[in-house]
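Accompanying notes for the structure given below.
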Amino acid sequence: MLNIVSISSFTTRSGYHCDLEVSYQLAGQVLGTAPVVLVNHALTGNSTITGNKGWWSDLIGKEKAIDTGCYTILSIDIPGNGHASTQRITAYKEFTNYDIARIHGEVLQHLNITSLFAVVGGSLGGQIAWELASQQPKLIKHLIPIATDWKATDWVIAQCHIQDSLLTHSSQPVADARMHAMTFYRTPASFKEKFNRSKRDEQLYNTQSWLNHHGIKLSERFSLSAYRLMNQLLLSADITQGSKDFKESLCDFTGTVHQVAIDTDGLFLADEMYETHLQLQEMGVSSTYDEIKSIHGHDAFLIEYEQLSSFVKPIFSTQLCHK
């Protein structure tokens with residue numbers, strides 16, 4: 001069930017003022033009766049994370065790795081993503097993940113949630129999780145960033161810059177940007193396994209047909225303003241903004257960080273995530289690091305559910321519950 005929180009006169013870090021409608025969903029145990037897990041959606045995702053139409057239902061559900069029989073699951077829509085509201089954020093460059101994490105904090109306050117057993121997020125959702133941990137270092141017991149980073153690297157910035165150009169100048173902006181994105185979400189090996197130069201007909205390769213399909217499908221359900229905003233958030237991630245370094249940004253964090261990288265991820269590199277793991281250990285922050293092995297690149301966090309479940313299930317199985 002979708003719920004709405006209205007936030008009046010929200011001011012972004014850049015000084016932009018607006019009224020917001022923020023939608024969220026709760027699943028699993030009744031709020032106040034079990035530990036709370038916040039799940040952040042990725043760029044084209046939304047707050048429907050479990051159940052028949054849930055985009056992460058292989059990971060979250062009854063007797064799944066994140067067991068809805070043990071936890072209250074909270075998922076919050078990024079305002080402007082079009083899932084539950086007609087609100088459009090046209091001043092998209094005024095927003096960063098710093099602002100989205102503050103919005104999440106407002107929702108948590110509205111729901112009287114003062115502690116989180118875990119925050120889980122893949123890709124953009126993981127960037128926002130890092131930001132929330134920096135802003136409220138005593139809030140989260142287990143921070144689980146998957147296929148993501150606390151910063152946008154030069155490579156991520158480059159890809160997002162091309163995306164923004166396509167979204168600004170193309171005659172079919174959402175479709176063209178989505179086709180470009182699919183090439184860095186996957187890998188050459190993934191494309192070869194899936195298509196192997198096969199053709200749909202004499203003039204069209206199956207690779208081309210598949211990309212066309214993804215472009216059309218996203219343009220049917222995702223607005224241009226939503227895509228621009230999400231791309232801007234991906235590009236602008238950096239928890240050290242405000243003249244902090246990484247150590248200062250996370251030095252007060254009291255929970256455990258559990259990073260899950262993907263060995264072939266061409267967007268958020270495993271090496272970058274492992275470097276963060278080493279930094280956390282040097283700082284005295286409890287940290288673990290696991291790596292999904294896959295040919296599918298960045299999208300593997302939405303494909304390799306068995307591997308991902310094996311990494312996160314031990315974290316959540318520590319909670320005793322009555323099912």
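Please note that chains go A, B, ... in the order of the structure tokens, that every chain numbers its residues from 1, and that ligands are numbered from 1 in the order shown.
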Skip Thr207 of chain A itself and residues of its chain fewer than 4 positions away, then list as a PyMOL selection string all residues within 12 Å of it, counting only C-alpha atoms. chain A and resi 179+182-183+188+190-201+203+211-214
What residues in segment 217-289 of chain A get the DSSP label alpha helix (DSSP H)? Please answer as number ranges by chain. A: 217-221, 224-236, 246-250, 270-283
With C-alpha atoms retained, could you export that selection as a PDB file, in the first residue's frame?
ATOM      1  CA  LYS A 217       9.649  -0.049 -22.656  1.00  0.00           C
ATOM      2  CA  LEU A 218      11.306   2.519 -20.405  1.00  0.00           C
ATOM      3  CA  SER A 219       9.934   5.449 -22.416  1.00  0.00           C
ATOM      4  CA  GLU A 220       6.444   4.018 -21.882  1.00  0.00           C
ATOM      5  CA  ARG A 221       6.720   4.026 -18.079  1.00  0.00           C
ATOM      6  CA  LEU A 224      11.933  12.518 -19.101  1.00  0.00           C
ATOM      7  CA  SER A 225      11.969  14.616 -15.916  1.00  0.00           C
ATOM      8  CA  ALA A 226      12.333  11.482 -13.758  1.00  0.00           C
ATOM      9  CA  TYR A 227      15.237  10.151 -15.830  1.00  0.00           C
ATOM     10  CA  ARG A 228      17.008  13.508 -15.750  1.00  0.00           C
ATOM     11  CA  LEU A 229      16.701  13.701 -11.964  1.00  0.00           C
ATOM     12  CA  MET A 230      17.882  10.138 -11.322  1.00  0.00           C
ATOM     13  CA  ASN A 231      20.831  10.584 -13.676  1.00  0.00           C
ATOM     14  CA  GLN A 232      21.769  13.804 -11.891  1.00  0.00           C
ATOM     15  CA  LEU A 233      21.701  12.017  -8.524  1.00  0.00           C
ATOM     16  CA  LEU A 234      23.948   9.252  -9.842  1.00  0.00           C
ATOM     17  CA  LEU A 235      26.394  11.844 -11.189  1.00  0.00           C
ATOM     18  CA  SER A 236      26.524  14.069  -8.098  1.00  0.00           C
ATOM     19  CA  PHE A 246      35.980  10.168   3.558  1.00  0.00           C
ATOM     20  CA  LYS A 247      37.443   9.502   6.990  1.00  0.00           C
ATOM     21  CA  GLU A 248      35.732  12.526   8.513  1.00  0.00           C
ATOM     22  CA  SER A 249      32.454  11.679   6.793  1.00  0.00           C
ATOM     23  CA  LEU A 250      32.272   8.160   8.276  1.00  0.00           C
ATOM     24  CA  ALA A 270      35.018  -3.698  -7.663  1.00  0.00           C
ATOM     25  CA  ASP A 271      38.519  -2.290  -7.109  1.00  0.00           C
ATOM     26  CA  GLU A 272      37.037   1.023  -5.957  1.00  0.00           C
ATOM     27  CA  MET A 273      34.723  -0.751  -3.523  1.00  0.00           C
ATOM     28  CA  TYR A 274      37.540  -2.879  -2.147  1.00  0.00           C
ATOM     29  CA  GLU A 275      39.627   0.242  -1.618  1.00  0.00           C
ATOM     30  CA  THR A 276      36.768   1.650   0.454  1.00  0.00           C
ATOM     31  CA  HIS A 277      36.720  -1.568   2.485  1.00  0.00           C
ATOM     32  CA  LEU A 278      40.414  -1.131   3.286  1.00  0.00           C
ATOM     33  CA  GLN A 279      39.880   2.510   4.228  1.00  0.00           C
ATOM     34  CA  LEU A 280      37.075   1.557   6.595  1.00  0.00           C
ATOM     35  CA  GLN A 281      39.247  -1.047   8.276  1.00  0.00           C
ATOM     36  CA  GLU A 282      42.039   1.489   8.720  1.00  0.00           C
ATOM     37  CA  MET A 283      39.523   3.853  10.331  1.00  0.00           C
TER      38      MET A 283
END
Exercise: Gln127 of chain A partners within 8 Å, only C-alpha atoms, chain neighbours under 2 positions left out, as a PDB file with N, CA and C atoms, in the first residue's frame:
ATOM      1  N   ASN A  97      22.216  13.540  -3.829  1.00  0.00           N
ATOM      2  CA  ASN A  97      21.875  12.475  -2.878  1.00  0.00           C
ATOM      3  C   ASN A  97      21.867  12.965  -1.433  1.00  0.00           C
ATOM      4  N   GLY A 121      20.868  -1.008  -0.481  1.00  0.00           N
ATOM      5  CA  GLY A 121      20.628  -0.317  -1.741  1.00  0.00           C
ATOM      6  C   GLY A 121      21.616  -0.739  -2.793  1.00  0.00           C
ATOM      7  N   GLY A 122      21.123  -0.930  -3.999  1.00  0.00           N
ATOM      8  CA  GLY A 122      21.988  -1.228  -5.129  1.00  0.00           C
ATOM      9  C   GLY A 122      22.122  -0.012  -6.024  1.00  0.00           C
ATOM     10  N   SER A 123      23.317   0.213  -6.562  1.00  0.00           N
ATOM     11  CA  SER A 123      23.575   1.282  -7.508  1.00  0.00           C
ATOM     12  C   SER A 123      23.200   2.636  -6.888  1.00  0.00           C
ATOM     13  N   LEU A 124      22.296   3.400  -7.518  1.00  0.00           N
ATOM     14  CA  LEU A 124      21.887   4.689  -6.975  1.00  0.00           C
ATOM     15  C   LEU A 124      21.352   4.557  -5.553  1.00  0.00           C
ATOM     16  N   GLY A 125      20.596   3.492  -5.289  1.00  0.00           N
ATOM     17  CA  GLY A 125      20.066   3.275  -3.942  1.00  0.00           C
ATOM     18  C   GLY A 125      21.162   3.106  -2.907  1.00  0.00           C
ATOM     19  N   ALA A 129      22.190   5.301   0.427  1.00  0.00           N
ATOM     20  CA  ALA A 129      22.438   4.637   1.713  1.00  0.00           C
ATOM     21  C   ALA A 129      23.715   5.156   2.357  1.00  0.00           C
ATOM     22  N   TRP A 130      24.774   5.304   1.560  1.00  0.00           N
ATOM     23  CA  TRP A 130      26.023   5.872   2.069  1.00  0.00           C
ATOM     24  C   TRP A 130      25.786   7.274   2.635  1.00  0.00           C
ATOM     25  N   GLU A 131      25.010   8.069   1.925  1.00  0.00           N
ATOM     26  CA  GLU A 131      24.747   9.441   2.358  1.00  0.00           C
ATOM     27  C   GLU A 131      23.984   9.472   3.670  1.00  0.00           C
ATOM     28  N   PRO A 145      25.729  -1.570   0.992  1.00  0.00           N
ATOM     29  CA  PRO A 145      25.778  -0.980  -0.349  1.00  0.00           C
ATOM     30  C   PRO A 145      26.174  -2.044  -1.369  1.00  0.00           C
ATOM     31  N   THR A 148      27.894  -0.337  -5.910  1.00  0.00           N
ATOM     32  CA  THR A 148      27.790   1.110  -5.801  1.00  0.00           C
ATOM     33  C   THR A 148      29.038   1.684  -5.144  1.00  0.00           C
ATOM     34  N   ASP A 149      29.021   2.990  -4.914  1.00  0.00           N
ATOM     35  CA  ASP A 149      30.151   3.661  -4.303  1.00  0.00           C
ATOM     36  C   ASP A 149      29.636   4.883  -3.567  1.00  0.00           C
ATOM     37  N   TRP A 150      30.429   5.381  -2.643  1.00  0.00           N
ATOM     38  CA  TRP A 150      30.024   6.571  -1.895  1.00  0.00           C
ATOM     39  C   TRP A 150      30.261   7.853  -2.685  1.00  0.00           C
ATOM     40  N   LYS A 151      30.866   7.704  -3.853  1.00  0.00           N
ATOM     41  CA  LYS A 151      31.177   8.842  -4.716  1.00  0.00           C
ATOM     42  C   LYS A 151      30.914   8.464  -6.167  1.00  0.00           C
ATOM     43  N   LEU A 234      22.855  10.201  -9.641  1.00  0.00           N
ATOM     44  CA  LEU A 234      23.948   9.252  -9.842  1.00  0.00           C
ATOM     45  C   LEU A 234      25.267   9.984 -10.067  1.00  0.00           C
ATOM     46  N   ALA A 237      26.874  12.116  -6.673  1.00  0.00           N
ATOM     47  CA  ALA A 237      27.129  11.455  -5.391  1.00  0.00           C
ATOM     48  C   ALA A 237      28.523  11.757  -4.863  1.00  0.00           C
TER      49      ALA A 237
END
Check which residues of segment 238-321 of chain A sit at most 12 Å from segment 19-35 of chain A using only C-alpha atoms, and return one row each with the closest pair of atoms and their distance in Å to one decimal, ordered by chain and rising number, as a Markdown table.
| residue | atom | partner | partner_atom | distance |
| --- | --- | --- | --- | --- |
| A:Phe316 | CA | A:Pro35 | CA | 10.3 |
| A:Thr318 | CA | A:Pro35 | CA | 11.6 |
| A:Gln319 | CA | A:Pro35 | CA | 8.5 |
| A:Leu320 | CA | A:Ala34 | CA | 10.1 |
| A:Cys321 | CA | A:Ala34 | CA | 8.3 |
Give me every strand (DSSP E or B) residue in segment 92-210 of chain A, going by DSSP on the backbone, as a PyMOL selection string. chain A and resi 116-122+140-146+151+199-201+204-205
Quick one: of A:Val312, A:Thr168, A:Gly297, A:Phe10, who's nearest to Glu106 of chain A, counting only C-alpha atoms? A:Phe10
Surrounding residues of His110 of chain A excluding itself and chain neighbours under 3 positions, 12 Å, only C-alpha atoms, as a ChimeraX atom specification: /A:3-7,22,24,103-107,113-114
Residue nearest Leu74 of chain A - candidates A:Ser115, A:Ser47, A:Thr12, A:Thr264, atoms counted: only C-alpha atoms: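 Looking at the shortest contact to Leu74 of chain A, the residue is A:Ser47.
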Mind checking which residues fall within 12 Å of Ser14 of chain A, counting only C-alpha atoms, ignoring those fewer than 3 positions away in the same chain, and posting them as a ChimeraX atom specification? /A:10-11,17-18,91-99,241-242
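Note that atom CA of Phe222 of chain A and atom CA of Ser170 of chain A are 15.8 Å apart.
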Mind checking which residues fall within 8 Å of Tyr185 of chain A, counting only C-alpha atoms, ignoring those fewer than 3 positions away in the same chain, and posting them as JSON, numbers by chain? {"A": [181, 182, 265, 266, 267, 296, 297, 298, 299]}
Let's have the selection written as a PDB file, in the first residue's frame, with N, CA, C and O atoms.
ATOM      1  N   ALA A 181      22.557   3.315 -21.814  1.00  0.00           N
ATOM      2  CA  ALA A 181      22.793   2.816 -20.455  1.00  0.00           C
ATOM      3  C   ALA A 181      22.932   1.293 -20.432  1.00  0.00           C
ATOM      4  O   ALA A 181      23.761   0.751 -19.688  1.00  0.00           O
ATOM      5  N   MET A 182      22.139   0.605 -21.230  1.00  0.00           N
ATOM      6  CA  MET A 182      22.196  -0.859 -21.219  1.00  0.00           C
ATOM      7  C   MET A 182      23.572  -1.376 -21.640  1.00  0.00           C
ATOM      8  O   MET A 182      23.973  -2.469 -21.248  1.00  0.00           O
ATOM      9  N   ASP A 265      31.697  -5.485 -12.949  1.00  0.00           N
ATOM     10  CA  ASP A 265      30.937  -4.231 -12.989  1.00  0.00           C
ATOM     11  C   ASP A 265      31.762  -3.159 -13.696  1.00  0.00           C
ATOM     12  O   ASP A 265      32.847  -2.795 -13.251  1.00  0.00           O
ATOM     13  N   GLY A 266      31.229  -2.626 -14.788  1.00  0.00           N
ATOM     14  CA  GLY A 266      31.919  -1.587 -15.528  1.00  0.00           C
ATOM     15  C   GLY A 266      31.478  -0.186 -15.167  1.00  0.00           C
ATOM     16  O   GLY A 266      31.957   0.788 -15.755  1.00  0.00           O
ATOM     17  N   LEU A 267      30.561  -0.062 -14.207  1.00  0.00           N
ATOM     18  CA  LEU A 267      30.103   1.249 -13.767  1.00  0.00           C
ATOM     19  C   LEU A 267      30.695   1.585 -12.405  1.00  0.00           C
ATOM     20  O   LEU A 267      31.399   2.584 -12.245  1.00  0.00           O
ATOM     21  N   HIS A 296      27.705 -10.657 -16.235  1.00  0.00           N
ATOM     22  CA  HIS A 296      26.656  -9.697 -16.593  1.00  0.00           C
ATOM     23  C   HIS A 296      26.912  -8.260 -16.150  1.00  0.00           C
ATOM     24  O   HIS A 296      26.055  -7.401 -16.320  1.00  0.00           O
ATOM     25  N   GLY A 297      28.068  -7.981 -15.556  1.00  0.00           N
ATOM     26  CA  GLY A 297      28.398  -6.612 -15.229  1.00  0.00           C
ATOM     27  C   GLY A 297      27.521  -6.018 -14.140  1.00  0.00           C
ATOM     28  O   GLY A 297      27.063  -6.717 -13.223  1.00  0.00           O
ATOM     29  N   HIS A 298      27.267  -4.711 -14.244  1.00  0.00           N
ATOM     30  CA  HIS A 298      26.546  -3.975 -13.206  1.00  0.00           C
ATOM     31  C   HIS A 298      25.174  -4.587 -12.910  1.00  0.00           C
ATOM     32  O   HIS A 298      24.753  -4.644 -11.755  1.00  0.00           O
ATOM     33  N   ASP A 299      24.488  -5.045 -13.929  1.00  0.00           N
ATOM     34  CA  ASP A 299      23.143  -5.596 -13.743  1.00  0.00           C
ATOM     35  C   ASP A 299      23.121  -6.903 -12.964  1.00  0.00           C
ATOM     36  O   ASP A 299      22.042  -7.410 -12.646  1.00  0.00           O
TER      37      ASP A 299
END
At what distance in Å, to one decimal, does atom CA of Ile128 of chain A lie from atom CA of Ile140 of chain A? 13.1 Å
